[in-house]
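Enquirer: Can you keep this structure in mind? I'll have questions shortly.
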Amino acid sequence: MPDGAHIQLAQSSCFPLQKSQRMAGFDLQNYLNTKTEAVNGALGKFLPSEKTKPSTIHKAMRYSLFAGGKRMRPALCLAAAEACGGTQDEAMPMACAVECIHTYSLIHDDLPSMDNDDYRRGKLTNHKVFGDGIAVLAGDALLTQAFEILTHAPGTSRYSHRDLVLELAKSSGSLQLIAGQVADLEGEGRKTSAAQLKYIHERKTSALLCCSARLGGMGANCTSNQLKALTDFGYHVGLAFQIIDDILDVTQTSEQLGKTAGKDTASKKATYPSIVGMNRSRKIAEKLTSQAFASLKPFKSKGDALEALATYLLNRNK
């Protein structure tokens with residue numbers, strides 16, 4: 001976003017972001033539709049079919065993986081690759097691997113022993129359809145599948161295949177994604193500080209969004225400066241995204257969200273609005289958003305897709 005771009009807070013739960021002049025002609029909907037179709041096609045080929053024995057687990061894996069997600073993490077991965085001069089085909093295994101990790105985390109997050117949610121993306125959650133045991137195994141299988149898919153990604157002169165595996169493993173492991181979930185669970189019903197909540201959001205949400213952008217760049221043999229820019233972008237987008245998610249949980253209905261609204265409040269989970277208030281939460285999200293867009297300056301017009309995707313993520317009403 002250009003210098004001085006205005007981000008105006010709305011009376012609704014989130015704020016509309018004005019497009020920069022150079023992005024006025026960017027067709028985000030077409031871009032998303034094209035990438036979603038490509039990712040879905042690749043995922044369909046990477047995963048065993050529903051008829052493959054044992055069919056129950058493969059049906060459960062596909063049920064959540066093809067439940068209508070917007071494929072934002074894969075799209076960010078592909079857009080990051082393109083921003084660094086790479087191709088969609090080169091980045092596709094990494095994009096699909098990230099989506100498998102994301103979906104596995106949602107299946108486990110919805111379990112009765114975790115957030116106990118009945119709906120995800122407007123559909124019954126995996127455990128409500130297949131039972132707790134199969135849901136746990138479906139999540140486990142998708143986690144494993146992610147690394148099998150990643151073996152299809154070639155290394156580059158700057159980043160070996162080992163580097164790609166390590167990136168995904170660290171981002172989804174006990175120090176990042178899982179650390180955020182643990183801290184989230186342990187914080188329920190307890191007084192949580194803003195610093196502790198930031199720790200949760202950095203790991204539970206920002207880590208995988210950041211990983212998506214980084215993997216796309218690494219697969220395109222990006223420079224160290226480009227990787228730093230993608231890291232800054234993914235980190236700030238991830239934090240802003242989660243703060244807005246906290247806001248939406250308070251202000252939107254279950255129909256608008258596609259999942260149960262008010263769950264965070266009901267379970268006494270710490271959220272930005274509950275700790276720092278609604279107005280302060282919006283201002284923090286606004287600042288993070290500005291930082292995310294500023295990090296894209298080195299890519300110039302090649303970063304248009306990343307900017308458009310971030311605008312979409314941070315300006316959603318559901």
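FYI, nothing fancy with the structure tokens labels: chains A, B, ... in order, residues from 1 per chain, ligands from 1 as they appear.
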Compile a residue-level contact table for segment 155-190 of chain A against segment 85-101 of chain A at a cut-off of 12 Å, reporting for every qualifying residue the shortest atom pair and its distance in Å to one decimal, with only C-alpha atoms counted, rows ordered by chain and ascending number, as CSV.
Expert:
residue,atom,partner,partner_atom,distance
A:Gly155,CA,A:Glu90,CA,9.8
A:Thr156,CA,A:Glu90,CA,10.4
A:His161,CA,A:Met94,CA,11.1
A:Leu164,CA,A:Met94,CA,8.4
A:Val165,CA,A:Met94,CA,9.5
A:Glu167,CA,A:Met94,CA,10.5
A:Leu168,CA,A:Val98,CA,7.6
A:Ala169,CA,A:Ile101,CA,9.9
A:Lys170,CA,A:Ile101,CA,12.0
A:Ser171,CA,A:Ile101,CA,9.9
A:Ser172,CA,A:Ile101,CA,7.3
A:Gly173,CA,A:Ile101,CA,10.4
A:Leu177,CA,A:Ile101,CA,9.8
A:Ile178,CA,A:Ile101,CA,11.2
Enquirer: Go ahead and dump the residues you just picked, N, CA and C atoms, as a compact mmCIF listing (two decimals), in the first residue's frame.
Expert:
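Result file out-v1.txt:
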# COMPACT_ATOMS: atom_id res chain seq x y z
N GLY A 155 14.20 -28.61 -4.08
CA GLY A 155 14.99 -27.59 -3.43
C GLY A 155 15.54 -26.61 -4.45
N THR A 156 16.15 -25.54 -3.98
CA THR A 156 16.75 -24.54 -4.87
C THR A 156 18.21 -24.34 -4.48
N HIS A 161 15.97 -29.04 0.11
CA HIS A 161 14.71 -29.68 0.50
C HIS A 161 14.62 -29.79 2.02
N LEU A 164 13.12 -26.66 3.48
CA LEU A 164 11.67 -26.57 3.32
C LEU A 164 10.95 -27.41 4.38
N VAL A 165 11.44 -28.63 4.59
CA VAL A 165 10.84 -29.51 5.60
C VAL A 165 10.97 -28.90 6.99
N GLU A 167 11.25 -25.76 7.77
CA GLU A 167 10.36 -24.60 7.87
C GLU A 167 8.96 -25.00 8.28
N LEU A 168 8.42 -26.00 7.60
CA LEU A 168 7.05 -26.45 7.91
C LEU A 168 6.99 -27.13 9.26
N ALA A 169 7.99 -27.93 9.59
CA ALA A 169 7.99 -28.65 10.86
C ALA A 169 8.06 -27.69 12.04
N LYS A 170 8.94 -26.71 11.96
CA LYS A 170 9.07 -25.75 13.06
C LYS A 170 7.81 -24.92 13.24
N SER A 171 7.23 -24.48 12.13
CA SER A 171 6.04 -23.63 12.20
C SER A 171 4.83 -24.35 12.77
N SER A 172 4.76 -25.66 12.55
CA SER A 172 3.60 -26.43 13.02
C SER A 172 3.89 -27.24 14.27
N GLY A 173 5.09 -27.08 14.84
CA GLY A 173 5.49 -27.90 15.98
C GLY A 173 5.20 -27.30 17.34
N LEU A 177 2.83 -23.45 16.28
CA LEU A 177 1.38 -23.70 16.20
C LEU A 177 0.85 -24.43 17.42
N ILE A 178 1.49 -25.51 17.80
CA ILE A 178 1.01 -26.29 18.95
C ILE A 178 1.22 -25.51 20.25
Enquirer: Given only C-alpha atoms, how would the per-residue table for segment 267-302 of chain A near segment 229-236 of chain A read, listing every residue at most 6 Å away with its closest atom pair and distance in Å to one decimal, sorted by chain and number, as CSV?
Expert:
residue,atom,partner,partner_atom,distance
A:Leu288,CA,A:His236,CA,5.3
A:Ala292,CA,A:Phe233,CA,4.6
A:Ser295,CA,A:Ala229,CA,5.3
Enquirer: Measuring between only C-alpha atoms, which one of A:Ala81, A:Arg62, A:Pro74, A:Leu28 shows the shortest distance to Ile107 of chain A?
Expert: A:Arg62
Enquirer: When you count only C-alpha atoms, which of these residues is closest to Thr103 of chain A: A:Leu208, A:Ala153, A:Leu32, A:Ala270?
Expert: A:Leu208
Enquirer: Can you list, as an MDAnalysis selection string, every protein, DNA or RNA residue that comes within 10 Å of Leu296 of chain A when you count only C-alpha atoms, leaving out same-chain residues fewer than 5 positions away?
Expert: chainID A and resid 1:2 83 226 229:230 232:233 291 301:304 306:307
Enquirer: Could you list, as a VMD selection string, every residue within 8 Å of Ser193 of chain A, counting only C-alpha atoms and ignoring same-chain residues fewer than 3 positions away?
Expert: chain A and resid 196 to 197 275
Enquirer: Point out the residue among A:Leu166, A:Cys222, A:Leu137, A:Leu150 with the least atom-to-atom distance to Pro54 of chain A, counting only C-alpha atoms.
Expert: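 Counting only C-alpha atoms, the residue closest to Pro54 of chain A is A:Leu137.
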Enquirer: To one decimal place in Å, what is the distance between atom CA of Ala308 of chain A and atom CA of Phe26 of chain A?
Expert: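 Separating atom CA of Ala308 of chain A from atom CA of Phe26 of chain A is a distance of 7.7 Å.
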Enquirer: Quick one, how far is atom CA of Arg121 of chain A from atom CA of Thr289 of chain A?
Expert: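 About the pair atom CA of Arg121 of chain A and atom CA of Thr289 of chain A: they are 24.6 Å apart.
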Enquirer: Ranking A:Phe299, A:Phe293, A:Phe241, A:Phe147 by minimum distance to Leu313 of chain A and counting only C-alpha atoms, which one comes first?
Expert: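 Selected residue with least distance to Leu313 of chain A: A:Phe241.
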Enquirer: Select from segment 81-159 of chain A everything DSSP, run on the backbone, classes as strand (DSSP E or B), then give the selection as a ChimeraX atom specification.
Expert: /A:119-120,123-124
Enquirer: Report as a ChimeraX atom specification all protein, DNA and RNA residues lying within 7 Å of Gly139 of chain A, evaluated on only C-alpha atoms, omitting residues in the same chain fewer than 5 positions from it.
Expert: /A:104-105,107-108
Enquirer: Assign secondary structure with DSSP using the backbone only, and return the residues of segment 5-248 of chain A in helix (DSSP H, G or I) as a VMD selection string.
Expert: chain A and resid 21 to 23 28 to 46 55 to 65 72 to 83 88 to 109 126 to 130 132 to 150 161 to 172 177 to 187 194 to 219 224 to 248
Enquirer: At a cut-off of 10 Å, using only C-alpha atoms, what residues contact Lys35 of chain A? Leave out same-chain residues fewer than 6 positions from it and give the result as a compact mmCIF listing (two decimals) with C-alpha atoms, in the first residue's frame.
Expert:
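Written file, part_21.txt:
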# COMPACT_ATOMS: atom_id res chain seq x y z
CA GLN A 29 -11.94 -12.71 -7.16
CA GLY A 41 -7.16 -30.15 -8.12
CA LYS A 70 -11.05 -20.11 0.87
CA ARG A 71 -7.51 -21.55 0.49
CA MET A 72 -5.99 -18.32 1.75
CA PRO A 74 -2.10 -21.74 -0.23
CA ALA A 75 -2.94 -18.55 -2.13
CA LEU A 76 -0.46 -16.59 -0.01
CA LEU A 78 1.58 -19.13 -4.43
CA ALA A 79 1.48 -15.32 -4.48
CA GLN A 88 2.65 -21.85 -9.49
CA MET A 92 2.04 -26.03 -5.42
